[in-house]
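Enquirer: Sharing structure.cif here; it has mmCIF, C-alpha atoms.
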```
data_structure
#
loop_
_atom_site.label_atom_id
_atom_site.label_comp_id
_atom_site.auth_asym_id
_atom_site.auth_seq_id
_atom_site.Cartn_x
_atom_site.Cartn_y
_atom_site.Cartn_z
CA MET E 292 -79.70 -41.98 -30.08
CA ARG E 293 -76.05 -42.95 -29.84
CA ARG E 294 -76.85 -45.11 -26.85
CA LEU E 295 -79.51 -47.00 -28.81
CA LEU E 296 -77.21 -47.59 -31.77
CA ARG E 297 -74.16 -48.59 -29.72
CA PRO E 298 -75.13 -52.32 -29.46
CA LEU E 299 -75.22 -52.51 -33.25
CA THR E 300 -71.53 -51.59 -33.42
CA GLU E 301 -70.40 -54.09 -30.81
CA PRO E 302 -69.12 -57.49 -32.04
CA VAL E 303 -70.62 -59.24 -29.01
CA THR E 304 -74.13 -58.51 -30.35
CA TYR E 305 -73.48 -60.73 -33.35
CA THR E 306 -71.67 -63.47 -31.44
CA ARG E 307 -74.72 -63.64 -29.17
CA TRP E 308 -76.90 -63.89 -32.28
CA LEU E 309 -74.85 -66.87 -33.40
CA HIS E 310 -75.13 -68.41 -29.94
CA LEU E 311 -78.91 -68.07 -30.10
CA LEU E 312 -79.19 -69.74 -33.52
CA ILE E 313 -77.02 -72.78 -32.77
CA PRO E 314 -79.67 -74.81 -30.83
CA CYS E 315 -82.25 -74.40 -33.60
CA ALA E 316 -79.66 -75.49 -36.15
CA VAL E 317 -79.06 -78.68 -34.16
CA ALA E 318 -82.81 -79.24 -33.66
CA SER E 319 -83.47 -78.67 -37.38
CA VAL E 320 -81.01 -81.42 -38.29
CA TRP E 321 -82.75 -83.72 -35.82
CA LEU E 322 -86.25 -82.94 -37.24
CA PHE E 323 -84.95 -83.29 -40.79
CA ILE E 324 -83.67 -86.79 -40.06
CA SER E 325 -86.83 -87.76 -38.19
CA PRO E 326 -89.67 -85.46 -39.34
CA ASP E 327 -92.29 -87.41 -37.39
CA THR E 328 -90.62 -86.51 -34.09
CA SER E 329 -92.61 -84.30 -31.74
CA PRO E 330 -91.41 -80.67 -31.71
CA TRP E 331 -91.24 -80.98 -27.91
CA ALA E 332 -88.67 -83.77 -28.17
CA PRO E 333 -85.63 -81.41 -27.94
CA VAL E 334 -87.05 -79.91 -24.73
CA ILE E 335 -87.52 -83.34 -23.20
CA PHE E 336 -84.16 -84.55 -24.46
CA ALA E 337 -82.48 -81.64 -22.66
CA VAL E 338 -83.18 -83.32 -19.30
CA PRO E 339 -80.87 -86.35 -19.61
CA VAL E 340 -78.32 -84.33 -21.58
CA GLY E 341 -78.20 -81.56 -18.95
CA LEU E 342 -77.65 -84.07 -16.16
CA VAL E 343 -74.34 -85.12 -17.70
CA PRO E 344 -71.62 -83.26 -15.70
CA GLY E 345 -69.54 -82.49 -18.78
CA MET E 346 -72.44 -80.69 -20.48
CA ARG E 347 -72.12 -77.81 -18.03
CA LEU E 348 -68.45 -77.47 -18.99
CA ALA E 349 -69.29 -77.44 -22.72
CA GLU E 350 -72.08 -74.90 -22.29
CA GLY E 351 -69.96 -72.72 -20.03
CA VAL E 352 -67.06 -72.60 -22.50
CA GLN E 353 -69.41 -71.76 -25.36
CA ALA E 354 -71.23 -69.09 -23.32
CA GLN E 355 -67.97 -67.46 -22.26
CA LEU E 356 -66.73 -67.42 -25.84
CA LEU E 357 -69.89 -66.05 -27.49
CA LEU E 358 -71.86 -64.25 -24.76
CA THR E 359 -69.16 -62.67 -22.57
CA PRO E 360 -65.88 -62.81 -24.52
CA SER E 361 -64.44 -59.93 -22.49
CA GLU E 362 -64.62 -62.08 -19.33
CA ARG E 363 -63.17 -65.23 -20.85
CA GLY E 364 -60.28 -66.62 -18.83
CA ARG E 365 -60.77 -64.23 -15.91
CA PRO E 366 -60.92 -65.79 -12.42
CA ASP E 367 -63.92 -63.60 -11.56
CA ALA E 368 -65.90 -64.48 -14.71
CA ALA E 369 -69.65 -64.50 -14.09
CA ILE E 370 -70.03 -67.66 -16.20
CA SER E 371 -68.06 -70.64 -14.95
CA ALA E 372 -66.49 -73.21 -17.25
CA ALA E 373 -66.34 -76.33 -15.10
CA PRO E 374 -68.17 -79.66 -14.92
CA ALA E 375 -71.19 -79.90 -12.65
CA GLU E 376 -70.13 -81.20 -9.24
CA THR E 377 -73.54 -81.19 -7.53
CA TRP E 378 -77.04 -82.21 -8.50
CA ALA E 379 -78.18 -78.62 -8.06
CA ALA E 380 -75.68 -77.54 -10.72
CA ARG E 381 -76.88 -80.33 -13.04
CA TRP E 382 -80.52 -79.28 -12.75
CA ARG E 383 -79.56 -75.66 -13.37
CA THR E 384 -77.89 -76.88 -16.57
CA VAL E 385 -81.15 -78.58 -17.60
CA VAL E 386 -83.07 -75.35 -17.06
CA TRP E 387 -80.39 -73.46 -19.00
CA LEU E 388 -80.70 -75.78 -22.00
CA ASP E 389 -84.49 -75.32 -22.13
CA VAL E 390 -84.24 -71.53 -21.75
CA ARG E 391 -81.63 -71.40 -24.47
CA LEU E 392 -83.76 -73.52 -26.80
CA LEU E 393 -86.83 -71.32 -26.21
CA LEU E 394 -84.94 -68.10 -26.93
CA SER E 395 -83.38 -69.79 -29.94
CA VAL E 396 -86.83 -70.48 -31.41
CA VAL E 397 -87.85 -66.85 -30.88
CA THR E 398 -84.66 -65.57 -32.47
CA LEU E 399 -84.85 -67.94 -35.43
CA PHE E 400 -88.49 -67.04 -36.10
CA ALA E 401 -87.68 -63.31 -35.96
CA THR E 402 -84.61 -63.76 -38.15
CA VAL E 403 -86.45 -65.65 -40.89
CA TRP E 404 -89.81 -63.87 -40.77
CA LEU E 405 -88.58 -60.29 -40.49
CA SER E 406 -85.86 -60.80 -43.09
CA ALA E 407 -88.41 -62.28 -45.53
CA THR E 408 -90.77 -59.38 -44.84
CA ALA E 409 -88.05 -56.89 -45.77
CA VAL E 410 -87.40 -58.82 -49.01
CA ASP E 411 -91.16 -58.82 -49.81
CA LEU E 412 -91.34 -55.08 -49.34
CA VAL E 413 -88.51 -54.59 -51.82
CA ARG E 414 -90.11 -57.03 -54.29
CA THR E 415 -93.44 -55.25 -53.99
CA ALA E 416 -91.83 -51.86 -54.58
CA SER E 417 -90.05 -53.18 -57.68
CA GLY E 418 -93.23 -54.63 -59.17
CA SER E 419 -92.12 -58.24 -58.89
CA GLY E 420 -94.83 -58.90 -56.37
CA PRO E 421 -94.47 -60.45 -52.90
CA SER E 422 -94.14 -64.12 -52.28
CA ASP E 423 -97.27 -66.00 -51.29
CA ASP E 424 -95.81 -67.27 -48.03
CA TRP E 425 -95.38 -64.03 -46.10
CA LEU E 426 -97.27 -61.10 -44.69
CA ILE E 427 -97.63 -58.91 -47.74
CA ARG E 428 -100.16 -60.46 -50.08
CA GLY E 429 -102.74 -59.08 -52.50
CA VAL E 430 -101.39 -55.53 -52.59
CA GLU E 431 -100.59 -53.32 -55.55
CA PRO E 432 -96.90 -52.57 -56.14
CA HIS E 433 -95.79 -49.07 -55.08
CA TRP E 434 -92.26 -47.68 -54.97
CA TRP E 435 -92.72 -46.32 -51.46
CA TYR E 436 -92.79 -49.87 -50.07
CA ALA E 437 -89.02 -49.77 -50.42
CA LEU E 438 -88.95 -47.06 -47.77
CA LEU E 439 -90.53 -49.49 -45.31
CA ALA E 440 -88.02 -52.27 -46.00
CA PRO E 441 -85.56 -51.16 -43.26
CA VAL E 442 -88.28 -51.31 -40.59
CA PRO E 443 -88.38 -55.15 -40.29
CA LEU E 444 -84.58 -55.20 -40.25
CA LEU E 445 -84.47 -52.68 -37.42
CA LEU E 446 -87.05 -54.74 -35.54
CA LEU E 447 -84.90 -57.81 -36.13
CA LEU E 448 -81.82 -56.12 -34.71
CA ALA E 449 -83.85 -54.96 -31.69
CA VAL E 450 -85.03 -58.53 -31.09
CA VAL E 451 -81.48 -59.83 -31.43
CA VAL E 452 -80.12 -57.28 -28.93
CA MET E 453 -82.96 -57.97 -26.47
CA CYS E 454 -82.67 -61.75 -26.71
CA GLY E 455 -78.89 -61.45 -26.43
CA GLU E 456 -79.21 -59.55 -23.18
CA VAL E 457 -81.76 -62.04 -21.85
CA ILE E 458 -79.67 -65.10 -22.76
CA THR E 459 -76.57 -63.51 -21.21
CA ALA E 460 -78.43 -62.75 -17.98
CA ALA E 461 -79.75 -66.32 -17.93
CA ALA E 462 -76.24 -67.68 -18.47
CA ARG E 463 -74.87 -65.63 -15.59
CA ARG E 464 -77.66 -66.92 -13.39
CA LEU E 465 -77.79 -70.58 -14.45
CA LEU E 466 -74.21 -71.24 -15.55
CA GLY E 467 -72.56 -68.96 -13.03
CA PRO E 468 -71.09 -70.25 -9.78
CA SER E 469 -73.44 -70.92 -6.90
CA PRO E 470 -73.10 -68.93 -3.64
CA VAL E 471 -71.06 -71.81 -2.18
CA GLU E 472 -68.77 -71.84 -5.24
CA ARG E 473 -68.37 -68.07 -5.06
CA LEU E 474 -67.41 -68.31 -1.40
CA THR E 475 -64.91 -71.07 -2.18
CA ALA E 476 -63.38 -69.00 -5.00
CA LEU E 477 -63.18 -65.98 -2.69
CA GLU E 478 -61.43 -68.03 -0.02
CA GLU E 479 -58.94 -69.34 -2.60
CA ARG E 480 -58.27 -65.82 -3.82
CA THR E 481 -57.75 -64.65 -0.24
CA GLU E 482 -55.29 -67.48 0.37
CA GLN E 483 -53.38 -66.51 -2.77
CA LEU E 484 -53.17 -62.88 -1.66
CA LEU E 485 -52.02 -63.89 1.82
CA GLU E 486 -49.39 -66.19 0.31
CA ARG E 487 -48.20 -63.40 -1.99
CA ASN E 488 -48.00 -61.00 0.94
CA ARG E 489 -46.08 -63.56 3.01
CA ILE E 490 -43.60 -64.15 0.18
CA ALA E 491 -43.10 -60.40 -0.15
CA ARG E 492 -42.30 -60.22 3.57
CA GLU E 493 -39.91 -63.17 3.22
CA LEU E 494 -38.00 -61.40 0.46
CA HIS E 495 -38.02 -58.09 2.31
CA ASP E 496 -36.69 -59.57 5.52
CA SER E 497 -34.13 -61.96 4.09
CA ILE E 498 -32.73 -59.95 1.19
CA GLY E 499 -33.00 -56.68 3.11
CA HIS E 500 -30.99 -58.16 5.98
CA ALA E 501 -28.31 -59.51 3.64
CA LEU E 502 -27.94 -56.22 1.77
CA THR E 503 -27.79 -54.25 5.00
CA VAL E 504 -25.04 -56.47 6.38
CA ALA E 505 -23.12 -56.26 3.11
CA VAL E 506 -23.35 -52.46 2.98
CA VAL E 507 -22.33 -52.06 6.62
CA GLN E 508 -19.44 -54.50 6.31
CA ALA E 509 -18.19 -52.97 3.06
CA GLY E 510 -18.32 -49.45 4.54
CA ALA E 511 -16.55 -50.51 7.72
CA ALA E 512 -13.84 -52.36 5.77
CA ARG E 513 -13.15 -49.34 3.59
CA ALA E 514 -12.98 -47.01 6.60
CA ALA E 515 -10.77 -49.35 8.68
CA ASN E 516 -8.09 -49.76 5.99
CA ASP E 517 -7.03 -52.94 7.77
CA PRO E 518 -6.40 -56.10 5.66
CA ALA E 519 -7.34 -58.44 8.49
CA PHE E 520 -10.60 -56.59 9.17
CA THR E 521 -11.35 -56.45 5.45
CA GLU E 522 -10.91 -60.22 5.19
CA ARG E 523 -13.32 -60.78 8.08
CA ALA E 524 -15.80 -58.37 6.53
CA LEU E 525 -15.66 -60.16 3.19
CA ALA E 526 -16.17 -63.50 4.95
CA ALA E 527 -19.22 -62.11 6.75
CA ILE E 528 -20.61 -60.72 3.48
CA GLU E 529 -20.08 -64.10 1.81
CA GLU E 530 -21.80 -66.01 4.60
CA THR E 531 -24.74 -63.63 4.73
CA GLY E 532 -25.06 -63.70 0.95
CA ARG E 533 -25.13 -67.49 0.89
CA ALA E 534 -27.86 -67.56 3.52
CA ALA E 535 -29.87 -64.99 1.55
CA LEU E 536 -29.50 -67.08 -1.60
CA ASP E 537 -30.83 -70.12 0.26
CA ASP E 538 -33.85 -68.11 1.41
CA LEU E 539 -34.38 -66.75 -2.09
CA GLU E 540 -34.27 -70.26 -3.54
CA ARG E 541 -36.94 -71.43 -1.11
CA VAL E 542 -39.21 -68.54 -2.03
CA LEU E 543 -38.69 -69.04 -5.77
CA ARG E 544 -39.45 -72.74 -5.37
CA VAL E 545 -42.85 -71.79 -3.97
CA LEU E 546 -43.45 -69.43 -6.90
CA ARG E 547 -42.51 -72.12 -9.41
CA GLU E 548 -44.55 -74.82 -7.70
CA SER E 549 -47.65 -73.25 -6.16
CA GLN E 550 -48.56 -76.46 -4.31
CA ALA E 551 -45.11 -77.05 -2.88
CA PRO E 552 -44.51 -76.35 0.83
CA MET E 553 -42.03 -73.75 1.94
CA GLY E 554 -39.69 -76.52 3.06
CA GLN E 555 -37.15 -75.97 5.80
CA ARG E 556 -37.45 -72.27 6.39
CA PRO E 557 -35.10 -70.99 9.12
CA THR E 558 -36.36 -71.11 12.70
CA LEU E 559 -35.21 -69.69 16.02
CA ALA E 560 -33.06 -72.79 16.44
CA GLU E 561 -30.82 -71.12 13.84
CA ALA E 562 -30.84 -67.72 15.56
CA ASP E 563 -27.08 -67.97 16.14
CA ARG E 564 -26.60 -67.39 12.43
CA LEU E 565 -28.34 -64.01 12.70
CA LEU E 566 -26.50 -63.06 15.89
CA ASP E 567 -23.10 -63.94 14.41
CA SER E 568 -23.94 -61.97 11.28
CA ALA E 569 -24.82 -58.92 13.38
CA ARG E 570 -21.64 -59.29 15.44
CA GLY E 571 -19.61 -59.58 12.26
CA SER E 572 -21.09 -56.26 11.16
CA GLY E 573 -19.75 -54.55 14.26
CA ALA E 574 -22.75 -54.69 16.57
CA LYS E 575 -22.09 -55.73 20.18
CA VAL E 576 -24.80 -58.34 20.66
CA ASP E 577 -25.72 -59.55 24.15
CA ALA E 578 -28.02 -62.52 23.60
CA GLU E 579 -29.85 -64.61 26.16
CA VAL E 580 -32.10 -67.57 25.31
CA SER E 581 -34.20 -69.30 27.96
CA GLY E 582 -36.71 -72.07 27.65
CA PRO E 583 -37.08 -74.95 25.15
CA VAL E 584 -36.73 -72.92 21.93
CA GLU E 585 -36.34 -76.12 19.89
CA ARG E 586 -39.84 -77.19 20.97
CA VAL E 587 -41.54 -74.03 19.73
CA PRO E 588 -44.11 -74.89 17.02
CA GLY E 589 -42.85 -74.41 13.48
CA PRO E 590 -45.03 -71.44 12.45
CA VAL E 591 -44.18 -69.52 15.61
CA SER E 592 -40.47 -70.34 15.43
CA ARG E 593 -40.24 -69.32 11.76
CA GLU E 594 -42.06 -66.03 12.26
CA GLY E 595 -40.00 -65.36 15.39
CA TYR E 596 -36.84 -65.83 13.33
CA ARG E 597 -38.07 -63.27 10.78
CA ILE E 598 -39.00 -60.80 13.51
CA LEU E 599 -35.51 -61.14 15.01
CA GLN E 600 -33.97 -60.77 11.56
CA GLU E 601 -35.90 -57.59 10.77
CA SER E 602 -35.11 -56.14 14.21
CA LEU E 603 -31.35 -56.70 13.81
CA THR E 604 -31.51 -55.36 10.24
CA ASN E 605 -33.10 -52.15 11.49
CA VAL E 606 -30.40 -51.75 14.12
CA LEU E 607 -27.59 -52.16 11.59
CA ARG E 608 -29.28 -49.98 9.01
CA HIS E 609 -30.19 -47.05 11.24
CA SER E 610 -27.87 -47.19 14.25
CA GLY E 611 -24.77 -48.98 13.04
CA SER E 612 -22.30 -50.60 15.45
CA VAL E 613 -24.14 -50.16 18.76
CA PRO E 614 -24.78 -52.48 21.72
CA VAL E 615 -27.78 -54.70 21.11
CA ARG E 616 -29.58 -56.76 23.73
CA VAL E 617 -31.54 -59.80 22.53
CA ARG E 618 -33.81 -61.80 24.84
CA ILE E 619 -35.65 -64.93 23.67
CA THR E 620 -37.87 -66.56 26.28
CA VAL E 621 -40.25 -69.52 26.06
CA ARG E 622 -42.55 -69.94 29.04
CA GLY E 623 -46.20 -70.14 30.02
CA GLY E 624 -47.38 -70.97 26.49
CA TRP E 625 -45.79 -67.86 24.97
CA LEU E 626 -42.69 -66.96 23.02
CA GLU E 627 -41.35 -63.60 24.14
CA LEU E 628 -38.81 -61.93 21.88
CA GLU E 629 -37.21 -58.60 22.71
CA VAL E 630 -34.50 -56.61 20.92
CA THR E 631 -33.29 -53.30 22.36
CA ASN E 632 -30.53 -50.85 21.45
CA PRO E 633 -29.62 -47.22 22.22
CA LEU E 634 -32.00 -44.76 20.59
CA THR E 635 -29.82 -43.19 17.92
CA GLY E 636 -30.09 -42.42 14.22
CA SER E 637 -33.38 -42.63 12.38
CA ILE E 638 -34.55 -46.07 13.42
CA GLY E 639 -38.30 -46.19 13.54
CA ALA E 640 -38.69 -42.82 11.88
CA PRO E 641 -41.85 -42.40 9.82
CA GLY E 642 -41.41 -43.42 6.21
CA GLY E 643 -38.45 -45.63 7.07
CA GLY E 644 -39.93 -48.67 5.33
CA SER E 645 -42.44 -51.43 5.91
CA GLY E 646 -40.29 -53.59 8.20
CA LEU E 647 -41.86 -52.47 11.48
CA ARG E 648 -45.35 -52.85 10.08
CA GLY E 649 -44.36 -56.32 8.88
CA ILE E 650 -43.28 -57.26 12.41
CA ARG E 651 -46.66 -56.25 13.80
CA GLU E 652 -48.47 -58.08 10.99
CA ARG E 653 -46.52 -61.29 11.60
CA ALA E 654 -47.40 -61.22 15.28
CA ALA E 655 -51.07 -60.44 14.60
CA LEU E 656 -51.41 -63.31 12.12
CA LEU E 657 -50.34 -65.72 14.86
CA GLY E 658 -52.75 -64.24 17.38
CA GLY E 659 -50.02 -62.36 19.24
CA LYS E 660 -48.93 -58.76 19.41
CA ALA E 661 -45.81 -56.71 18.85
CA LYS E 662 -44.73 -53.29 20.07
CA THR E 663 -42.07 -51.20 18.39
CA GLY E 664 -40.82 -47.79 19.46
CA PRO E 665 -38.79 -45.83 21.98
CA TYR E 666 -38.85 -47.03 25.58
CA ASP E 667 -36.74 -45.63 28.48
CA GLY E 668 -34.19 -44.03 26.16
CA GLU E 669 -33.84 -47.14 24.00
CA TRP E 670 -35.43 -48.44 20.84
CA ARG E 671 -37.31 -51.63 21.64
CA VAL E 672 -39.01 -54.33 19.61
CA HIS E 673 -41.06 -56.67 21.80
CA ALA E 674 -43.14 -59.49 20.33
CA SER E 675 -45.37 -61.93 22.21
CA LEU E 676 -46.45 -64.98 20.21
CA PRO E 677 -48.81 -67.68 21.56
CA LEU E 678 -47.76 -71.32 21.27
CA ASN E 679 -51.10 -73.07 21.90
CA GLY E 680 -52.98 -74.49 18.92
CA LEU E 681 -50.07 -74.13 16.48
CA ARG E 682 -48.32 -77.45 16.89
#
```
Would you put the structure from the file into structure tokens?

Expert:
Amino acid sequence: MRRLLRPLTEPVTYTRWLHLLIPCAVASVWLFISPDTSPWAPVIFAVPVGLVPGMRLAEGVQAQLLLTPSERGRPDAAISAAPAETWAARWRTVVWLDVRLLLSVVTLFATVWLSATAVDLVRTASGSGPSDDWLIRGVEPHWWYALLAPVPLLLLLAVVVMCGEVITAAARRLLGPSPVERLTALEERTEQLLERNRIARELHDSIGHALTVAVVQAGAARAANDPAFTERALAAIEETGRAALDDLERVLRVLRESQAPMGQRPTLAEADRLLDSARGSGAKVDAEVSGPVERVPGPVSREGYRILQESLTNVLRHSGSVPVRVRITVRGGWLELEVTNPLTGSIGAPGGGSGLRGIRERAALLGGKAKTGPYDGEWRVHASLPLNGLR
């Protein structure tokens, strides 16, 4: 019983009722101005009106507001509010207008006829007698007719709920996005999620590296108790902080302007900045670069820079001032990047963060692969990134 009465307590039932009555109100004005017009004229007139691209936008906004208010403004709303961009969408709008008009006639007839019937029952029970225009005619007045008065009203509410459900289903079908539009929206949503994930990796790698260097430098300066070393440590912290602020500004620019490109993100051509930062933190870095690194395609070079940055950050965070060997090689259509250091501390331990997973994800997105883990008594990060097709 509660399930049957629930629609009567929901505001959307009555906004749908209003939505159903609006077309008949417009048609009534038309017929009042020109009473000789054929009653089929509104149905025929719906064809040229529905073919106007903006009509689909107007109907979609109205349907969202009155039929599915809980979905209004959501990107996954079943009813779209956009102009018709194809002829198929225009003809679906024509069909929608005719379906809406038909259901509007049914709802208006039920609203007027059943309401008048309830009034006649009350008039008959009171002895005033029914009107001559409705169902109850030529009957003797009896008080018990008043007990039947709620029946037409309940039937009216049932018709309203049923027609509301039908018109909402029709709106989802006829005003909703087509399969092609749904696929396009899904692709756009996927691109947004990928962009958000990439920005999160950018922040993790850049800010995480800067904070790690700052913590290591500050700790070493305090332990050394040497003014000259402290000055060098502060200089390294300042340089790393400035670089992190530049990276942060680039990321925030993308967030502020969703259509703006990332701009000049750092590439492997600027790898010396990372190596000097690691050396300034106490690590003994042995770096070797071979091949035309400056000719590496932008996407590969940028992701390679981030992989190198995360690898050096892990070394500083988990192993401290240890020898680090860095090899960057460009040959045979591949960029090979390898970072190794003695296997000490907790580097690579489970639960140590998402940096290693991010390295593997970066490589996979470019069609390459990355391996991280212990190898011959050392911790090794080895990434192979293809160059073909990314220029």

Enquirer: Taking the file as I've supplied it (selection: the PyMOL selection byres ((chain E and resi 508) around 9)), which residues are included? Please answer as number ranges by chain.

Expert: E: 503-507, 509-513, 521, 523-525, 527-528, 571-573

Enquirer: CA of Ile619 (chain E) and CA of Glu579 (chain E), how far apart in Å?

Expert: 6.3 Å

Enquirer: One decimal, Å: what's the distance from CA of Arg347 (chain E) over to CA of Pro302 (chain E), could you say?

Expert: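 About the pair CA of Arg347 (chain E) and CA of Pro302 (chain E): they are 24.9 Å apart.
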
Enquirer: Could you tell me which residues the PyMOL selection byres ((chain E and resi 447-464) around 8) grabs in this file, written as an MDAnalysis selection string?

Expert: chainID E and resid 298:299 304 307:308 311 354 358:359 369:370 387 390:391 394 398 401:402 405:406 443:446 465:467

Enquirer: Excluding region 593-605 of chain E and residues on its chain fewer than 6 positions from it, collect all residues at most 8 Å away from it, counting all atoms listed in the file, and give them as a ChimeraX atom specification.

Expert: /E:493,496-497,499-500,503-504,556-559,562,565,569,628,630,638,646-647,650,653-654,672

Enquirer: Could you tell me how far CA of Glu522 (chain E) lies from CA of Arg570 (chain E), in Å and to one decimal?

Expert: 14.9 Å
